[in-house]
>>> print(open('start.cif').read())   # mmCIF, C-alpha atoms and all ligand atoms
data_my_file
#
loop_
_atom_site.label_atom_id
_atom_site.label_comp_id
_atom_site.auth_asym_id
_atom_site.auth_seq_id
_atom_site.Cartn_x
_atom_site.Cartn_y
_atom_site.Cartn_z
CA MET A 1 100.13 114.80 97.31
CA SER A 2 97.19 114.43 94.97
CA ASN A 3 96.47 113.39 91.45
CA SER A 4 96.42 117.04 90.45
CA HIS A 5 100.16 116.48 90.00
CA THR A 6 101.04 115.80 86.40
CA PHE A 7 102.08 112.22 85.82
CA LYS A 8 105.51 112.03 84.19
CA PRO A 9 106.37 108.81 82.34
CA VAL A 10 110.06 107.92 82.15
CA ARG A 11 111.67 107.76 78.75
CA VAL A 12 114.50 105.19 78.68
CA LYS A 13 116.10 104.79 75.25
CA HIS A 14 113.19 103.91 72.92
CA LEU A 15 110.84 102.91 75.78
CA THR A 16 108.27 105.08 77.51
CA ILE A 17 107.74 103.56 80.93
CA GLY A 18 104.44 104.42 82.59
CA GLU A 19 102.45 104.57 79.38
CA GLY A 20 100.45 101.79 77.71
CA LYS A 21 101.26 98.14 78.34
CA PRO A 22 103.59 97.21 81.20
CA LYS A 23 107.14 96.67 79.99
CA ILE A 24 108.56 93.17 80.27
CA CYS A 25 111.84 92.87 82.16
CA VAL A 26 113.95 89.75 82.68
CA SER A 27 116.81 89.39 85.14
CA LEU A 28 120.36 88.21 84.49
CA THR A 29 121.27 86.01 87.45
CA GLY A 30 124.60 84.46 86.45
CA SER A 31 127.27 84.05 89.10
CA THR A 32 130.25 84.41 86.74
CA THR A 33 131.10 86.72 83.85
CA GLU A 34 130.92 83.81 81.42
CA GLN A 35 127.45 82.79 82.59
CA LEU A 36 126.25 86.38 82.35
CA VAL A 37 127.62 86.71 78.82
CA GLU A 38 125.79 83.54 77.84
CA GLU A 39 122.56 84.75 79.44
CA ALA A 40 122.85 88.14 77.73
CA HIS A 41 123.17 86.39 74.35
CA ALA A 42 120.03 84.38 75.09
CA LEU A 43 118.11 87.52 76.12
CA LYS A 44 119.08 89.23 72.87
CA LEU A 45 116.74 86.81 71.10
CA ALA A 46 113.89 87.02 73.61
CA ASP A 47 110.69 89.04 73.29
CA ILE A 48 111.38 91.40 76.19
CA ASP A 49 111.62 95.16 76.68
CA MET A 50 114.23 95.48 79.40
CA VAL A 51 116.93 93.60 81.26
CA GLU A 52 117.89 93.74 84.93
CA TRP A 53 121.34 92.65 86.10
CA ARG A 54 120.86 91.16 89.59
CA VAL A 55 124.44 91.67 90.65
CA ASP A 56 123.88 90.11 94.10
CA PHE A 57 124.10 86.73 92.29
CA PHE A 58 127.57 87.63 90.90
CA GLU A 59 130.35 85.97 92.87
CA GLN A 60 132.77 88.86 92.24
CA VAL A 61 130.33 91.54 93.35
CA GLU A 62 132.88 92.92 95.83
CA GLN A 63 135.44 93.55 93.07
CA LEU A 64 134.30 96.77 91.49
CA ASP A 65 136.66 96.40 88.52
CA MET A 66 135.13 92.99 87.72
CA VAL A 67 131.63 94.42 88.06
CA THR A 68 132.35 97.25 85.62
CA HIS A 69 134.23 94.92 83.27
CA THR A 70 131.30 92.48 83.23
CA LEU A 71 128.90 95.35 82.72
CA GLU A 72 130.85 96.36 79.59
CA ARG A 73 130.60 92.80 78.29
CA ILE A 74 126.83 92.77 78.88
CA ARG A 75 126.48 96.17 77.22
CA ASP A 76 128.42 95.02 74.16
CA ILE A 77 125.87 92.24 73.68
CA LEU A 78 122.81 94.33 74.53
CA PRO A 79 123.75 97.86 73.40
CA SER A 80 120.26 99.25 73.03
CA THR A 81 118.27 97.36 75.66
CA PRO A 82 117.22 99.43 78.68
CA LEU A 83 119.28 97.99 81.53
CA ILE A 84 118.58 98.10 85.27
CA PHE A 85 121.43 97.49 87.72
CA THR A 86 120.22 95.93 90.97
CA PHE A 87 122.03 94.77 94.07
CA ARG A 88 119.23 93.11 96.05
CA SER A 89 120.30 92.77 99.67
CA ALA A 90 119.74 89.50 101.52
CA LYS A 91 117.41 91.21 103.98
CA GLU A 92 115.10 92.08 101.04
CA GLY A 93 115.21 88.64 99.42
CA GLY A 94 118.56 88.90 97.59
CA GLN A 95 121.57 86.57 97.61
CA TYR A 96 124.18 88.61 99.45
CA GLU A 97 124.67 91.37 101.97
CA LEU A 98 127.04 94.33 101.71
CA SER A 99 127.85 96.95 104.34
CA SER A 100 126.06 100.21 103.64
CA SER A 101 129.34 101.85 102.58
CA ASP A 102 130.09 99.02 100.13
CA TYR A 103 126.50 99.17 98.83
CA VAL A 104 126.86 102.90 98.15
CA ALA A 105 130.33 102.44 96.61
CA LEU A 106 129.07 99.71 94.27
CA ASN A 107 126.12 101.76 93.06
CA GLN A 108 128.23 104.94 92.77
CA ALA A 109 130.81 103.12 90.68
CA VAL A 110 128.23 101.67 88.32
CA ALA A 111 126.14 104.85 88.05
CA SER A 112 129.33 106.76 87.20
CA THR A 113 130.01 104.56 84.18
CA GLY A 114 126.86 105.85 82.49
CA GLU A 115 126.48 102.31 81.07
CA VAL A 116 123.23 101.43 82.81
CA ASP A 117 119.91 103.18 82.29
CA LEU A 118 118.55 102.68 85.78
CA ILE A 119 119.86 101.70 89.19
CA ASP A 120 117.72 100.13 91.90
CA VAL A 121 118.24 101.63 95.35
CA GLU A 122 116.50 100.11 98.35
CA LEU A 123 114.25 102.44 100.33
CA PHE A 124 115.52 101.22 103.70
CA ASN A 125 118.89 102.96 103.43
CA GLU A 126 119.99 106.23 105.01
CA ALA A 127 118.24 109.11 103.24
CA THR A 128 121.63 110.82 102.76
CA ASP A 129 123.02 107.73 100.98
CA ILE A 130 119.96 107.57 98.73
CA GLU A 131 120.22 111.27 97.91
CA GLN A 132 123.92 110.91 97.10
CA LEU A 133 123.21 107.97 94.76
CA ILE A 134 120.42 109.89 93.03
CA ALA A 135 122.74 112.88 92.49
CA THR A 136 125.49 110.70 90.95
CA ALA A 137 123.01 108.77 88.81
CA HIS A 138 121.40 111.92 87.48
CA GLN A 139 124.80 113.41 86.61
CA HIS A 140 125.24 110.42 84.31
CA ASP A 141 121.71 110.42 82.83
CA THR A 142 120.84 107.34 84.86
CA PHE A 143 117.41 106.96 86.44
CA VAL A 144 116.80 105.68 89.95
CA ILE A 145 114.18 103.18 91.10
CA ILE A 146 113.65 103.26 94.86
CA SER A 147 112.45 99.83 95.91
CA ASN A 148 111.20 97.82 98.86
CA HIS A 149 110.57 94.08 99.23
CA ASP A 150 108.81 92.09 101.89
CA PHE A 151 109.33 88.36 101.28
CA HIS A 152 107.30 87.36 104.33
CA GLN A 153 104.06 89.29 104.33
CA THR A 154 101.89 91.98 102.81
CA PRO A 155 101.80 95.18 104.86
CA PRO A 156 98.47 97.02 105.22
CA LYS A 157 97.34 99.16 102.27
CA GLU A 158 98.23 102.43 104.04
CA GLU A 159 101.76 101.19 104.72
CA ILE A 160 102.30 100.17 101.09
CA ILE A 161 101.12 103.62 99.96
CA SER A 162 103.26 105.35 102.55
CA ARG A 163 106.42 103.52 101.39
CA LEU A 164 105.74 104.34 97.74
CA CYS A 165 105.08 108.01 98.63
CA ARG A 166 108.28 108.12 100.69
CA ALA A 167 110.20 106.82 97.67
CA GLN A 168 108.72 109.64 95.58
CA GLN A 169 109.62 112.21 98.24
CA LEU A 170 113.20 110.99 98.30
CA GLY A 171 113.43 111.75 94.59
CA ALA A 172 113.01 108.39 92.85
CA ASP A 173 112.33 108.49 89.13
CA MET A 174 110.29 105.32 89.66
CA THR A 175 109.09 103.53 92.76
CA LYS A 176 108.74 99.82 93.42
CA ILE A 177 107.30 97.46 96.01
CA ALA A 178 107.16 93.65 96.01
CA VAL A 179 105.25 91.90 98.79
CA MET A 180 104.40 88.32 99.73
CA PRO A 181 100.74 87.31 100.00
CA GLN A 182 99.57 84.88 102.63
CA SER A 183 95.99 84.90 101.35
CA SER A 184 93.99 86.01 98.33
CA SER A 185 92.96 89.15 100.30
CA ASP A 186 96.63 90.12 100.49
CA VAL A 187 96.76 90.13 96.70
CA ILE A 188 93.76 92.46 96.66
CA THR A 189 95.48 94.68 99.23
CA LEU A 190 98.50 95.11 96.93
CA LEU A 191 96.30 95.80 93.91
CA ASP A 192 94.11 98.21 95.87
CA ALA A 193 97.16 100.11 97.16
CA THR A 194 98.52 100.29 93.60
CA ASN A 195 95.21 101.57 92.25
CA THR A 196 94.89 104.22 94.98
CA MET A 197 98.48 105.32 94.34
CA LYS A 198 97.66 105.66 90.65
CA GLU A 199 94.48 107.62 91.29
CA GLN A 200 95.66 109.85 94.12
CA HIS A 201 99.41 110.05 94.61
CA ALA A 202 101.63 108.73 91.86
CA ASP A 203 103.22 111.42 89.72
CA ARG A 204 105.79 109.02 88.23
CA PRO A 205 105.80 105.34 87.24
CA MET A 206 105.60 102.66 89.91
CA ILE A 207 106.22 98.93 89.82
CA THR A 208 104.26 96.72 92.20
CA MET A 209 103.81 93.01 92.58
CA SER A 210 102.40 90.43 94.90
CA MET A 211 104.82 87.49 94.71
CA ALA A 212 104.54 83.70 94.44
CA GLY A 213 101.78 81.73 92.74
CA LYS A 214 98.92 83.46 94.57
CA GLY A 215 100.20 86.87 93.54
CA MET A 216 100.93 85.99 89.91
CA ILE A 217 97.82 87.78 88.70
CA SER A 218 99.33 91.09 89.89
CA ARG A 219 102.11 90.63 87.32
CA LEU A 220 99.55 90.73 84.51
CA THR A 221 97.24 93.57 85.48
CA GLY A 222 99.66 96.50 85.65
CA GLU A 223 98.05 98.46 82.86
CA LEU A 224 94.70 98.47 84.67
CA PHE A 225 95.89 99.12 88.23
CA GLY A 226 99.05 101.13 87.57
CA SER A 227 102.19 99.01 87.56
CA ALA A 228 104.57 99.97 84.75
CA ILE A 229 107.01 97.04 84.58
CA THR A 230 106.46 93.31 85.00
CA PHE A 231 109.35 90.95 85.73
CA GLY A 232 109.07 87.73 83.72
CA ALA A 233 111.03 84.49 83.72
CA ILE A 234 112.94 82.78 80.95
CA GLN A 235 114.77 79.83 82.46
CA LYS A 236 115.42 80.82 86.01
CA SER A 237 113.23 83.38 87.78
CA SER A 238 114.68 86.04 90.07
CA ALA A 239 111.66 85.98 92.42
CA PRO A 240 108.73 83.61 92.98
CA GLY A 241 105.65 83.89 90.77
CA GLN A 242 107.23 85.42 87.67
CA VAL A 243 105.28 84.55 84.52
CA PRO A 244 107.15 82.81 81.66
CA VAL A 245 107.97 85.40 79.03
CA SER A 246 106.61 83.17 76.27
CA GLU A 247 103.11 83.65 77.71
CA LEU A 248 103.49 87.10 79.24
CA ARG A 249 103.44 89.16 76.02
CA SER A 250 100.26 87.60 74.69
CA ILE A 251 98.41 88.03 77.99
CA LEU A 252 99.47 91.71 78.23
CA ASN A 253 98.38 92.23 74.61
CA MET A 254 95.01 90.62 75.25
CA LEU A 255 94.34 92.71 78.35
CA HIS A 256 95.48 95.87 76.52
CA ALA A 257 93.18 95.22 73.58
CA ASN A 258 90.19 95.07 75.92
CA LEU A 259 90.83 98.16 77.99
O1 LIG A 301 112.43 94.10 92.61
C1 LIG A 301 112.36 93.21 91.78
C2 LIG A 301 111.11 92.51 91.59
C3 LIG A 301 111.28 91.03 91.84
O2 LIG A 301 111.52 90.82 93.20
C4 LIG A 301 109.98 90.31 91.47
O3 LIG A 301 109.24 89.98 92.39
O4 LIG A 301 109.73 90.11 90.28
C5 LIG A 301 112.44 90.51 91.00
C6 LIG A 301 113.72 91.27 91.26
O5 LIG A 301 114.76 90.79 90.42
C7 LIG A 301 113.52 92.74 91.02
O6 LIG A 301 114.67 93.47 91.40
#
>>> encode(input="start.cif", output="C-alpha cells")
Amino acid sequence: MSNSHTFKPVRVKHLTIGEGKPKICVSLTGSTTEQLVEEAHALKLADIDMVEWRVDFFEQVEQLDMVTHTLERIRDILPSTPLIFTFRSAKEGGQYELSSSDYVALNQAVASTGEVDLIDVELFNEATDIEQLIATAHQHDTFVIISNHDFHQTPPKEEIISRLCRAQQLGADMTKIAVMPQSSSDVITLLDATNTMKEQHADRPMITMSMAGKGMISRLTGELFGSAITFGAIQKSSAPGQVPVSELRSILNMLHANL
C-alpha cells in the first residue's frame, strides 16, 4: 500500500474524523445502568466530541437484553453524540473476558440495533469473526474500528505499522493501536510509526497512543503525526495517561493554530 491511495475521512453524524483537530472522546465506565445514566448526563454538559461506552465495566454485560436496554437509555440522553461501543477484553487491558462466541454475539446484537455509530473490534480475533461483525455493522450504517492494545510494552515500529495495515486489510473503517512505553524512545517509536503510516500507508483514519504519563504527549499531537481521536478523562480515566478534558481542548486548539 502507498500514499497514492486516497485518504478517506469518516463522517459520523456531524463529525468528520480524520480531518483537522483530533476529536475528543470520553469513556462511560459505569458498572450499573444507573451509574451509566448519571455519567451520560454529566457528559452531555462536557466539551467533548464523542463518547465511548466501555461495556466491559458493565456488570450485566452477559445479559444482552440489559446491554441493549442500557444503550437505549444512554442514547436517549445523548441522541446526537457520536457513540463508540467497546468491549475491551481483559487480555488487552479491559475489565472482563468473554468467550469468542459471546464476544461476537454481544457485538452482533449491538451493531444490529443501529443505535451506536461505531463498534470497536479487537484485531486479535479470528478473521472470519471480524469479517462477520463488519458485515453486520455496515448493514446498520455502523462503522468499525479494529483495535489492538499492548499494556506491557511498545512493539517495534515495523510491528506497529504491520498491525495497523492488517486492520485496514481486514476492512476496518478506522484503525487503532495503544501501546505502553517503557522509555522516552518508546514514545518516539509510536509517534514515528504513526507518522510513517500517515505518509505511506493510511487510507483511512487511525487512532494511536502511547499510554501512561510518559506517553501523554502522544495524546496531544495527533493532528501533526496522524492520530484522529484522543481519549480524554473527566473523573475517571479508562486508560492510563488520558489528559483531563478541561485542558485537552485548549491544547489541541493551540497546536492547531500553529500548524
Ligand atoms: O482503545 C482505547 C484507547 C484507550 O485504551 C486509551 O489508551 O485511551 C482507552 C480505551 O477506553 C479505548 O477503547
>>> closest_atom_pairs(input="start.cif", of="region 137-199 of chain A", to="region 80-103 of chain A", cutoff="12 Å", atoms="all atoms listed in the file", output="tab-separated table")
residue	atom	partner	partner_atom	distance
A:Ala137	CA	A:Phe85	CA	11.4
A:Thr142	CA	A:Ile84	CA	9.5
A:Phe143	CA	A:Ile84	CA	9.0
A:Val144	CA	A:Ile84	CA	9.1
A:Ile145	CA	A:Ile84	CA	8.9
A:Ile146	CA	A:Thr86	CA	10.6
A:Ser147	CA	A:Arg88	CA	9.5
A:Asn148	CA	A:Glu92	CA	7.3
A:His149	CA	A:Glu92	CA	5.3
A:Asp150	CA	A:Glu92	CA	6.3
A:Phe151	CA	A:Gly93	CA	6.2
A:His152	CA	A:Gly93	CA	9.4
A:Gln153	CA	A:Glu92	CA	11.9
A:Met174	CA	A:Ile84	CA	11.8
A:Ile177	CA	A:Glu92	CA	10.7
A:Ala178	CA	A:Glu92	CA	9.5
A:Val179	CA	A:Glu92	CA	10.1
A:Met180	CA	A:Gly93	CA	10.8
>>> residues_around(input="start.cif", residues="Met254 (chain A)", least_positions_apart="5", cutoff="12 Å", atoms="all atoms listed in the file", output="count of residues only")
8
>>> residues_near_ligand(input="start.cif", ligand="ligand LIG 301 (chain A)", cutoff="6 Å", atoms="only C-alpha atoms and all ligand atoms", output="list in words")
Ser27, Ala178, Met211, Phe231, Ser238, Ala239 and Gln242 of chain A
>>> closest_residue(input="start.cif", among="A:Ala257, A:His14, A:Ile48, A:Gln35", to="Ile234 (chain A)", atoms="all atoms listed in the file")
A:Ile48
>>> closest_residue(input="start.cif", among="A:Ile130, A:Met50, A:Val67, A:Ile160", to="Ser210 (chain A)", atoms="only C-alpha atoms")
A:Ile160
>>> closest_residue(input="start.cif", among="A:Val245, A:Leu224, A:Met209, A:Leu78", to="Asp186 (chain A)", atoms="only C-alpha atoms")
A:Met209
>>> residues_around(input="start.cif", residues="Val187 (chain A)", least_positions_apart="3", cutoff="7 Å", atoms="all atoms listed in the file", output="PDB file with C-alpha atoms, keeping the file's coordinate frame")
ATOM      1  CA  PRO A 181     100.740  87.310 100.000  1.00  0.00           C
ATOM      2  CA  SER A 184      93.990  86.010  98.330  1.00  0.00           C
ATOM      3  CA  LEU A 190      98.500  95.110  96.930  1.00  0.00           C
ATOM      4  CA  LEU A 191      96.300  95.800  93.910  1.00  0.00           C
ATOM      5  CA  SER A 210     102.400  90.430  94.900  1.00  0.00           C
ATOM      6  CA  GLY A 215     100.200  86.870  93.540  1.00  0.00           C
TER       7      GLY A 215
END
>>> atom_distance(input="start.cif", atom1="CA of Gln200 (chain A)", atom2="CA of Pro240 (chain A)")
29.3 Å
>>> atom_distance(input="start.cif", atom1="CA of Thr208 (chain A)", atom2="CA of Arg166 (chain A)")
14.8 Å
>>> closest_residue(input="start.cif", among="A:Pro155, A:Pro244, A:Pro205, A:Pro22", to="Gln182 (chain A)", atoms="only C-alpha atoms")
A:Pro155
>>> build_atoms(input="start.cif", residues="region 124-135 of chain A", atoms="N, CA and C atoms", output="PDB file, keeping the file's coordinate frame")
ATOM      1  N   PHE A 124     115.051 101.249 102.317  1.00  0.00           N
ATOM      2  CA  PHE A 124     115.520 101.220 103.700  1.00  0.00           C
ATOM      3  C   PHE A 124     117.031 101.378 103.786  1.00  0.00           C
ATOM      4  N   ASN A 125     117.512 102.510 103.273  1.00  0.00           N
ATOM      5  CA  ASN A 125     118.890 102.960 103.430  1.00  0.00           C
ATOM      6  C   ASN A 125     118.813 104.353 104.044  1.00  0.00           C
ATOM      7  N   GLU A 126     119.960 104.852 104.501  1.00  0.00           N
ATOM      8  CA  GLU A 126     119.990 106.230 105.010  1.00  0.00           C
ATOM      9  C   GLU A 126     119.562 107.176 103.897  1.00  0.00           C
ATOM     10  N   ALA A 127     118.716 108.144 104.251  1.00  0.00           N
ATOM     11  CA  ALA A 127     118.240 109.110 103.240  1.00  0.00           C
ATOM     12  C   ALA A 127     119.424 109.809 102.574  1.00  0.00           C
ATOM     13  N   THR A 128     120.479 110.108 103.357  1.00  0.00           N
ATOM     14  CA  THR A 128     121.630 110.820 102.760  1.00  0.00           C
ATOM     15  C   THR A 128     122.328 109.950 101.709  1.00  0.00           C
ATOM     16  N   ASP A 129     122.405 108.637 101.972  1.00  0.00           N
ATOM     17  CA  ASP A 129     123.020 107.730 100.980  1.00  0.00           C
ATOM     18  C   ASP A 129     122.171 107.696  99.710  1.00  0.00           C
ATOM     19  N   ILE A 130     120.854 107.622  99.899  1.00  0.00           N
ATOM     20  CA  ILE A 130     119.960 107.570  98.730  1.00  0.00           C
ATOM     21  C   ILE A 130     120.104 108.858  97.921  1.00  0.00           C
ATOM     22  N   GLU A 131     120.130 109.987  98.617  1.00  0.00           N
ATOM     23  CA  GLU A 131     120.220 111.270  97.910  1.00  0.00           C
ATOM     24  C   GLU A 131     121.543 111.386  97.140  1.00  0.00           C
ATOM     25  N   GLN A 132     122.607 110.874  97.762  1.00  0.00           N
ATOM     26  CA  GLN A 132     123.920 110.910  97.100  1.00  0.00           C
ATOM     27  C   GLN A 132     123.904 110.042  95.834  1.00  0.00           C
ATOM     28  N   LEU A 133     123.273 108.865  95.929  1.00  0.00           N
ATOM     29  CA  LEU A 133     123.210 107.970  94.760  1.00  0.00           C
ATOM     30  C   LEU A 133     122.354 108.591  93.648  1.00  0.00           C
ATOM     31  N   ILE A 134     121.272 109.242  94.037  1.00  0.00           N
ATOM     32  CA  ILE A 134     120.420 109.890  93.030  1.00  0.00           C
ATOM     33  C   ILE A 134     121.228 110.991  92.313  1.00  0.00           C
ATOM     34  N   ALA A 135     121.976 111.776  93.097  1.00  0.00           N
ATOM     35  CA  ALA A 135     122.740 112.880  92.490  1.00  0.00           C
ATOM     36  C   ALA A 135     123.757 112.322  91.487  1.00  0.00           C
TER      37      ALA A 135
END
